[in-house]
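> The structure is given below, and queries will be raised subsequently.
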Amino acid sequence: MNDTVVYQVLTHPRVAEFARKYRFPGWYIDSNGCYGCMLGAFWIAVFVNDCDNSLDITVDTVGETGFLDENLEWETAENDESLAETARRFMGQYAIRARH
């Protein structure tokens with residue numbers, strides 16, 4: 001068996017550190033380097049905003065194009081603890097919506 005890596009996901013060190021610090025069940029690093037989870041049709045993602053280098057969280061859903069490109073919520077937290085609290089709030093809020 002050949003153990004050669006044919007695909008490697010790169011993520012921002014701040015996203016990786018947040019993911020290590022807050023290991024939410026069902027969350028993973030996706031192919032774009034975001035830390036997030038799918039809840040039904042909703043994608044909750046933590047990423048570094050390339051416009052201002054802030055650590056942001058969004059909730060997106062599938063738009064008319066068939067991609068996760070319809071933004072429902074976008075927040076910038078003051079610190080990791082506040083970001084984790086927002087992630088938990090979004091998970092609760094969108095888990096309920098995903099069930100209906």
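In the structure tokens, each chain is lettered A, B, ... as it comes, each chain's residues begin at 1, and ligands are numbered from 1 in order of appearance.
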Any idea what's packed within 9 Å of range 84-94 of chain A, counting only C-alpha atoms, ignoring anything in its chain fewer than 4 positions away? Could you give it as a list of chain:residue names?
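The neighbour list is A:Phe18, A:Tyr22, A:Phe24, A:Cys37, A:Leu39, A:Gly40, A:Phe42, A:Ile44, A:Ala45, A:Val46, A:Ile57, A:Thr58, A:Val59, A:Glu75, A:Ala77, A:Asn79, A:Asp80, A:Ala98, A:Arg99.
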> Mind checking which residues fall within 12 Å of Gly63 in chain A, counting only C-alpha atoms, ignoring those fewer than 6 positions away in the same chain, and posting them as a list in words?
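My reading of the contact set: Ala41, Phe42, Trp43, Asp69, Glu70, Asn71 and Leu72 of chain A.
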> Skip Trp27 in chain A itself and residues of its chain fewer than 4 positions away, then list as a list of chain:residue names all residues within 9 Å of it, counting only C-alpha atoms.
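The neighbour list is A:Ala19, A:Arg23, A:Tyr35, A:Gly36, A:Cys37, A:Met38.
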> Any idea what's packed within 9 Å of range 8-16 of chain A, counting only C-alpha atoms, ignoring anything in its chain fewer than 5 positions away? Could you give it as JSON, numbers by chain?
{"A": [21, 29, 30, 31, 32, 33, 34, 35, 46, 47, 48, 55]}
> Dump all heavy atoms for the selected residues as a short mmCIF file (atom, residue, chain, number, x, y, z; two decimals), in the first residue's frame?

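Writing the result to again_20.cif gives the following:
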data_model
loop_
_atom_site.label_atom_id
_atom_site.label_comp_id
_atom_site.auth_asym_id
_atom_site.auth_seq_id
_atom_site.Cartn_x
_atom_site.Cartn_y
_atom_site.Cartn_z
N LYS A 21 -8.96 23.92 20.41
CA LYS A 21 -9.46 24.41 21.70
C LYS A 21 -10.93 24.05 21.92
O LYS A 21 -11.33 23.74 23.04
CB LYS A 21 -9.28 25.93 21.72
CG LYS A 21 -9.48 26.58 23.06
CD LYS A 21 -9.11 28.06 22.94
CE LYS A 21 -9.33 28.80 24.23
NZ LYS A 21 -8.99 30.23 24.08
N ILE A 29 -12.63 20.06 9.77
CA ILE A 29 -11.98 21.01 8.86
C ILE A 29 -12.36 20.59 7.44
O ILE A 29 -12.09 19.46 7.05
CB ILE A 29 -10.45 21.01 9.01
CG1 ILE A 29 -10.02 21.32 10.46
CG2 ILE A 29 -9.81 21.98 8.01
CD1 ILE A 29 -10.25 22.73 10.92
N ASP A 30 -13.00 21.49 6.69
CA ASP A 30 -13.44 21.13 5.35
C ASP A 30 -12.34 21.38 4.32
O ASP A 30 -11.23 21.79 4.66
CB ASP A 30 -14.74 21.86 4.98
CG ASP A 30 -14.56 23.32 4.62
OD1 ASP A 30 -13.47 23.89 4.81
OD2 ASP A 30 -15.54 23.91 4.13
N SER A 31 -12.62 21.12 3.07
CA SER A 31 -11.61 21.23 2.01
C SER A 31 -11.17 22.66 1.75
O SER A 31 -10.15 22.88 1.10
CB SER A 31 -12.13 20.60 0.71
OG SER A 31 -13.28 21.30 0.26
N ASN A 32 -11.90 23.64 2.28
CA ASN A 32 -11.51 25.05 2.16
C ASN A 32 -10.74 25.54 3.38
O ASN A 32 -10.36 26.70 3.44
CB ASN A 32 -12.74 25.93 1.95
CG ASN A 32 -13.38 25.69 0.61
OD1 ASN A 32 -12.71 25.63 -0.41
ND2 ASN A 32 -14.69 25.54 0.61
N GLY A 33 -10.57 24.67 4.37
CA GLY A 33 -9.84 25.05 5.57
C GLY A 33 -10.70 25.69 6.64
O GLY A 33 -10.19 26.21 7.62
N CYS A 34 -12.02 25.65 6.48
CA CYS A 34 -12.94 26.16 7.50
C CYS A 34 -13.22 25.07 8.52
O CYS A 34 -13.20 23.89 8.20
CB CYS A 34 -14.27 26.58 6.87
SG CYS A 34 -14.14 27.88 5.65
N TYR A 35 -13.51 25.47 9.75
CA TYR A 35 -13.92 24.55 10.80
C TYR A 35 -15.42 24.70 10.93
O TYR A 35 -15.92 25.79 11.25
CB TYR A 35 -13.22 24.92 12.11
CG TYR A 35 -13.56 24.07 13.30
CD1 TYR A 35 -13.50 22.69 13.25
CD2 TYR A 35 -13.92 24.65 14.51
CE1 TYR A 35 -13.80 21.90 14.35
CE2 TYR A 35 -14.20 23.88 15.63
CZ TYR A 35 -14.14 22.51 15.54
OH TYR A 35 -14.43 21.73 16.64
N VAL A 46 -16.43 28.43 10.80
CA VAL A 46 -15.48 29.37 11.40
C VAL A 46 -14.32 29.49 10.43
O VAL A 46 -13.79 28.48 9.95
CB VAL A 46 -15.00 28.87 12.78
CG1 VAL A 46 -13.87 29.75 13.30
CG2 VAL A 46 -16.15 28.81 13.76
N PHE A 47 -13.89 30.72 10.15
CA PHE A 47 -12.82 30.95 9.19
C PHE A 47 -12.17 32.30 9.47
O PHE A 47 -12.72 33.12 10.21
CB PHE A 47 -13.37 30.94 7.76
CG PHE A 47 -14.37 32.02 7.50
CD1 PHE A 47 -14.00 33.21 6.90
CD2 PHE A 47 -15.69 31.87 7.91
CE1 PHE A 47 -14.92 34.23 6.70
CE2 PHE A 47 -16.62 32.86 7.70
CZ PHE A 47 -16.24 34.06 7.09
N VAL A 48 -11.00 32.53 8.88
CA VAL A 48 -10.34 33.83 8.97
C VAL A 48 -10.79 34.66 7.78
O VAL A 48 -10.63 34.26 6.63
CB VAL A 48 -8.80 33.69 9.00
CG1 VAL A 48 -8.14 35.05 8.90
CG2 VAL A 48 -8.36 32.99 10.28
N LEU A 55 -11.42 36.45 12.99
CA LEU A 55 -11.98 35.10 13.04
C LEU A 55 -13.49 35.25 13.08
O LEU A 55 -14.05 35.82 14.01
CB LEU A 55 -11.46 34.38 14.29
CG LEU A 55 -11.48 32.86 14.30
CD1 LEU A 55 -10.73 32.27 13.11
CD2 LEU A 55 -10.90 32.34 15.59
#
> Assign secondary structure with DSSP using the backbone only, and return the residues of range 13-100 of chain A in helix (DSSP H, G or I) as a list in words.
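So the helix (DSSP H, G or I) residues in range 13-100 of chain A would be Pro13, Arg14, Val15, Ala16, Glu17, Phe18, Ala19, Arg20, Lys21, Asp80, Glu81, Ser82, Leu83, Ala84, Glu85, Thr86, Ala87, Arg88, Arg89, Phe90, Met91, Gly92, Gln93, Tyr94, Ala95, Ile96, Arg97, Ala98 and Arg99 of chain A.
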> Residues as selected, N, CA and C atoms, written as a PDB file, in the first residue's frame, can you do that?

ATOM      1  N   PRO A  13      -3.679  28.982  10.731  1.00  0.00           N
ATOM      2  CA  PRO A  13      -3.306  28.550  12.081  1.00  0.00           C
ATOM      3  C   PRO A  13      -4.319  28.969  13.155  1.00  0.00           C
ATOM      4  N   ARG A  14      -4.960  30.118  13.002  1.00  0.00           N
ATOM      5  CA  ARG A  14      -5.951  30.559  13.990  1.00  0.00           C
ATOM      6  C   ARG A  14      -7.181  29.662  13.974  1.00  0.00           C
ATOM      7  N   VAL A  15      -7.593  29.205  12.782  1.00  0.00           N
ATOM      8  CA  VAL A  15      -8.722  28.277  12.675  1.00  0.00           C
ATOM      9  C   VAL A  15      -8.340  26.946  13.311  1.00  0.00           C
ATOM     10  N   ALA A  16      -7.134  26.476  13.009  1.00  0.00           N
ATOM     11  CA  ALA A  16      -6.668  25.207  13.578  1.00  0.00           C
ATOM     12  C   ALA A  16      -6.597  25.280  15.104  1.00  0.00           C
ATOM     13  N   GLU A  17      -6.125  26.393  15.640  1.00  0.00           N
ATOM     14  CA  GLU A  17      -6.038  26.551  17.092  1.00  0.00           C
ATOM     15  C   GLU A  17      -7.432  26.585  17.719  1.00  0.00           C
ATOM     16  N   PHE A  18      -8.372  27.277  17.087  1.00  0.00           N
ATOM     17  CA  PHE A  18      -9.747  27.312  17.588  1.00  0.00           C
ATOM     18  C   PHE A  18     -10.337  25.903  17.583  1.00  0.00           C
ATOM     19  N   ALA A  19     -10.096  25.154  16.504  1.00  0.00           N
ATOM     20  CA  ALA A  19     -10.614  23.782  16.395  1.00  0.00           C
ATOM     21  C   ALA A  19     -10.018  22.878  17.468  1.00  0.00           C
ATOM     22  N   ARG A  20      -8.740  23.062  17.801  1.00  0.00           N
ATOM     23  CA  ARG A  20      -8.114  22.268  18.863  1.00  0.00           C
ATOM     24  C   ARG A  20      -8.700  22.634  20.233  1.00  0.00           C
ATOM     25  N   LYS A  21      -8.965  23.917  20.407  1.00  0.00           N
ATOM     26  CA  LYS A  21      -9.458  24.414  21.697  1.00  0.00           C
ATOM     27  C   LYS A  21     -10.931  24.048  21.922  1.00  0.00           C
ATOM     28  N   ASP A  80     -12.050  34.135  21.287  1.00  0.00           N
ATOM     29  CA  ASP A  80     -12.398  32.733  21.024  1.00  0.00           C
ATOM     30  C   ASP A  80     -13.581  32.259  21.862  1.00  0.00           C
ATOM     31  N   GLU A  81     -13.634  32.669  23.117  1.00  0.00           N
ATOM     32  CA  GLU A  81     -14.729  32.239  23.980  1.00  0.00           C
ATOM     33  C   GLU A  81     -16.076  32.749  23.459  1.00  0.00           C
ATOM     34  N   SER A  82     -16.099  33.991  23.024  1.00  0.00           N
ATOM     35  CA  SER A  82     -17.317  34.571  22.450  1.00  0.00           C
ATOM     36  C   SER A  82     -17.683  33.879  21.134  1.00  0.00           C
ATOM     37  N   LEU A  83     -16.677  33.536  20.348  1.00  0.00           N
ATOM     38  CA  LEU A  83     -16.912  32.823  19.090  1.00  0.00           C
ATOM     39  C   LEU A  83     -17.490  31.435  19.371  1.00  0.00           C
ATOM     40  N   ALA A  84     -16.971  30.749  20.371  1.00  0.00           N
ATOM     41  CA  ALA A  84     -17.481  29.425  20.744  1.00  0.00           C
ATOM     42  C   ALA A  84     -18.927  29.528  21.236  1.00  0.00           C
ATOM     43  N   GLU A  85     -19.226  30.568  21.980  1.00  0.00           N
ATOM     44  CA  GLU A  85     -20.596  30.778  22.448  1.00  0.00           C
ATOM     45  C   GLU A  85     -21.534  31.009  21.255  1.00  0.00           C
ATOM     46  N   THR A  86     -21.094  31.782  20.272  1.00  0.00           N
ATOM     47  CA  THR A  86     -21.893  32.011  19.068  1.00  0.00           C
ATOM     48  C   THR A  86     -22.081  30.710  18.303  1.00  0.00           C
ATOM     49  N   ALA A  87     -21.040  29.891  18.221  1.00  0.00           N
ATOM     50  CA  ALA A  87     -21.136  28.599  17.532  1.00  0.00           C
ATOM     51  C   ALA A  87     -22.172  27.708  18.214  1.00  0.00           C
ATOM     52  N   ARG A  88     -22.149  27.664  19.519  1.00  0.00           N
ATOM     53  CA  ARG A  88     -23.137  26.859  20.253  1.00  0.00           C
ATOM     54  C   ARG A  88     -24.553  27.393  20.039  1.00  0.00           C
ATOM     55  N   ARG A  89     -24.697  28.703  20.040  1.00  0.00           N
ATOM     56  CA  ARG A  89     -26.021  29.303  19.803  1.00  0.00           C
ATOM     57  C   ARG A  89     -26.522  28.965  18.406  1.00  0.00           C
ATOM     58  N   PHE A  90     -25.637  29.108  17.402  1.00  0.00           N
ATOM     59  CA  PHE A  90     -26.022  28.763  16.024  1.00  0.00           C
ATOM     60  C   PHE A  90     -26.383  27.285  15.909  1.00  0.00           C
ATOM     61  N   MET A  91     -25.609  26.404  16.571  1.00  0.00           N
ATOM     62  CA  MET A  91     -25.912  24.971  16.507  1.00  0.00           C
ATOM     63  C   MET A  91     -27.298  24.687  17.059  1.00  0.00           C
ATOM     64  N   GLY A  92     -27.627  25.263  18.201  1.00  0.00           N
ATOM     65  CA  GLY A  92     -28.942  25.053  18.778  1.00  0.00           C
ATOM     66  C   GLY A  92     -30.047  25.610  17.900  1.00  0.00           C
ATOM     67  N   GLN A  93     -29.840  26.808  17.432  1.00  0.00           N
ATOM     68  CA  GLN A  93     -30.840  27.484  16.607  1.00  0.00           C
ATOM     69  C   GLN A  93     -31.099  26.739  15.287  1.00  0.00           C
ATOM     70  N   TYR A  94     -30.032  26.333  14.601  1.00  0.00           N
ATOM     71  CA  TYR A  94     -30.202  25.712  13.281  1.00  0.00           C
ATOM     72  C   TYR A  94     -30.470  24.212  13.363  1.00  0.00           C
ATOM     73  N   ALA A  95     -30.132  23.565  14.461  1.00  0.00           N
ATOM     74  CA  ALA A  95     -30.508  22.157  14.641  1.00  0.00           C
ATOM     75  C   ALA A  95     -32.023  22.051  14.715  1.00  0.00           C
ATOM     76  N   ILE A  96     -32.647  22.983  15.411  1.00  0.00           N
ATOM     77  CA  ILE A  96     -34.110  22.995  15.499  1.00  0.00           C
ATOM     78  C   ILE A  96     -34.714  23.222  14.123  1.00  0.00           C
ATOM     79  N   ARG A  97     -34.183  24.170  13.362  1.00  0.00           N
ATOM     80  CA  ARG A  97     -34.704  24.445  12.018  1.00  0.00           C
ATOM     81  C   ARG A  97     -34.472  23.270  11.066  1.00  0.00           C
ATOM     82  N   ALA A  98     -33.360  22.557  11.252  1.00  0.00           N
ATOM     83  CA  ALA A  98     -33.039  21.433  10.363  1.00  0.00           C
ATOM     84  C   ALA A  98     -34.005  20.265  10.562  1.00  0.00           C
ATOM     85  N   ARG A  99     -34.579  20.155  11.760  1.00  0.00           N
ATOM     86  CA  ARG A  99     -35.508  19.055  12.048  1.00  0.00           C
ATOM     87  C   ARG A  99     -36.868  19.252  11.410  1.00  0.00           C
TER      88      ARG A  99
END
> What are the DSSP strand (DSSP E or B) residues of range 1-91 of chain A, as a PDB file with C-alpha atoms, in the first residue's frame?

ATOM      1  CA  TYR A  28     -14.451  19.102  11.028  1.00  0.00           C
ATOM      2  CA  ILE A  29     -11.985  21.015   8.859  1.00  0.00           C
ATOM      3  CA  TYR A  35     -13.918  24.554  10.800  1.00  0.00           C
ATOM      4  CA  GLY A  36     -17.608  23.789  10.673  1.00  0.00           C
ATOM      5  CA  CYS A  37     -20.548  21.430  10.560  1.00  0.00           C
ATOM      6  CA  MET A  38     -23.567  20.650   8.416  1.00  0.00           C
ATOM      7  CA  LEU A  39     -26.944  20.678  10.134  1.00  0.00           C
ATOM      8  CA  PHE A  42     -27.225  24.661   7.018  1.00  0.00           C
ATOM      9  CA  TRP A  43     -23.423  25.018   6.999  1.00  0.00           C
ATOM     10  CA  ILE A  44     -21.967  26.675  10.110  1.00  0.00           C
ATOM     11  CA  ALA A  45     -18.337  27.670   9.540  1.00  0.00           C
ATOM     12  CA  VAL A  46     -15.483  29.371  11.396  1.00  0.00           C
ATOM     13  CA  PHE A  47     -12.820  30.953   9.190  1.00  0.00           C
ATOM     14  CA  VAL A  48     -10.340  33.827   8.975  1.00  0.00           C
ATOM     15  CA  LEU A  55     -11.978  35.100  13.043  1.00  0.00           C
ATOM     16  CA  ASP A  56     -15.589  34.996  11.847  1.00  0.00           C
ATOM     17  CA  ILE A  57     -18.497  32.575  11.900  1.00  0.00           C
ATOM     18  CA  THR A  58     -21.238  32.257   9.306  1.00  0.00           C
ATOM     19  CA  VAL A  59     -24.328  30.221   8.622  1.00  0.00           C
ATOM     20  CA  ASP A  60     -24.990  29.487   4.960  1.00  0.00           C
ATOM     21  CA  THR A  61     -27.447  27.383   3.025  1.00  0.00           C
ATOM     22  CA  GLU A  70     -26.741  31.946   0.544  1.00  0.00           C
ATOM     23  CA  ASN A  71     -25.559  33.637   3.728  1.00  0.00           C
ATOM     24  CA  LEU A  72     -28.039  33.694   6.623  1.00  0.00           C
ATOM     25  CA  GLU A  73     -25.820  34.978   9.445  1.00  0.00           C
ATOM     26  CA  TRP A  74     -22.308  36.408   9.814  1.00  0.00           C
ATOM     27  CA  GLU A  75     -20.663  37.441  13.061  1.00  0.00           C
ATOM     28  CA  THR A  76     -17.216  38.547  14.158  1.00  0.00           C
TER      29      THR A  76
END
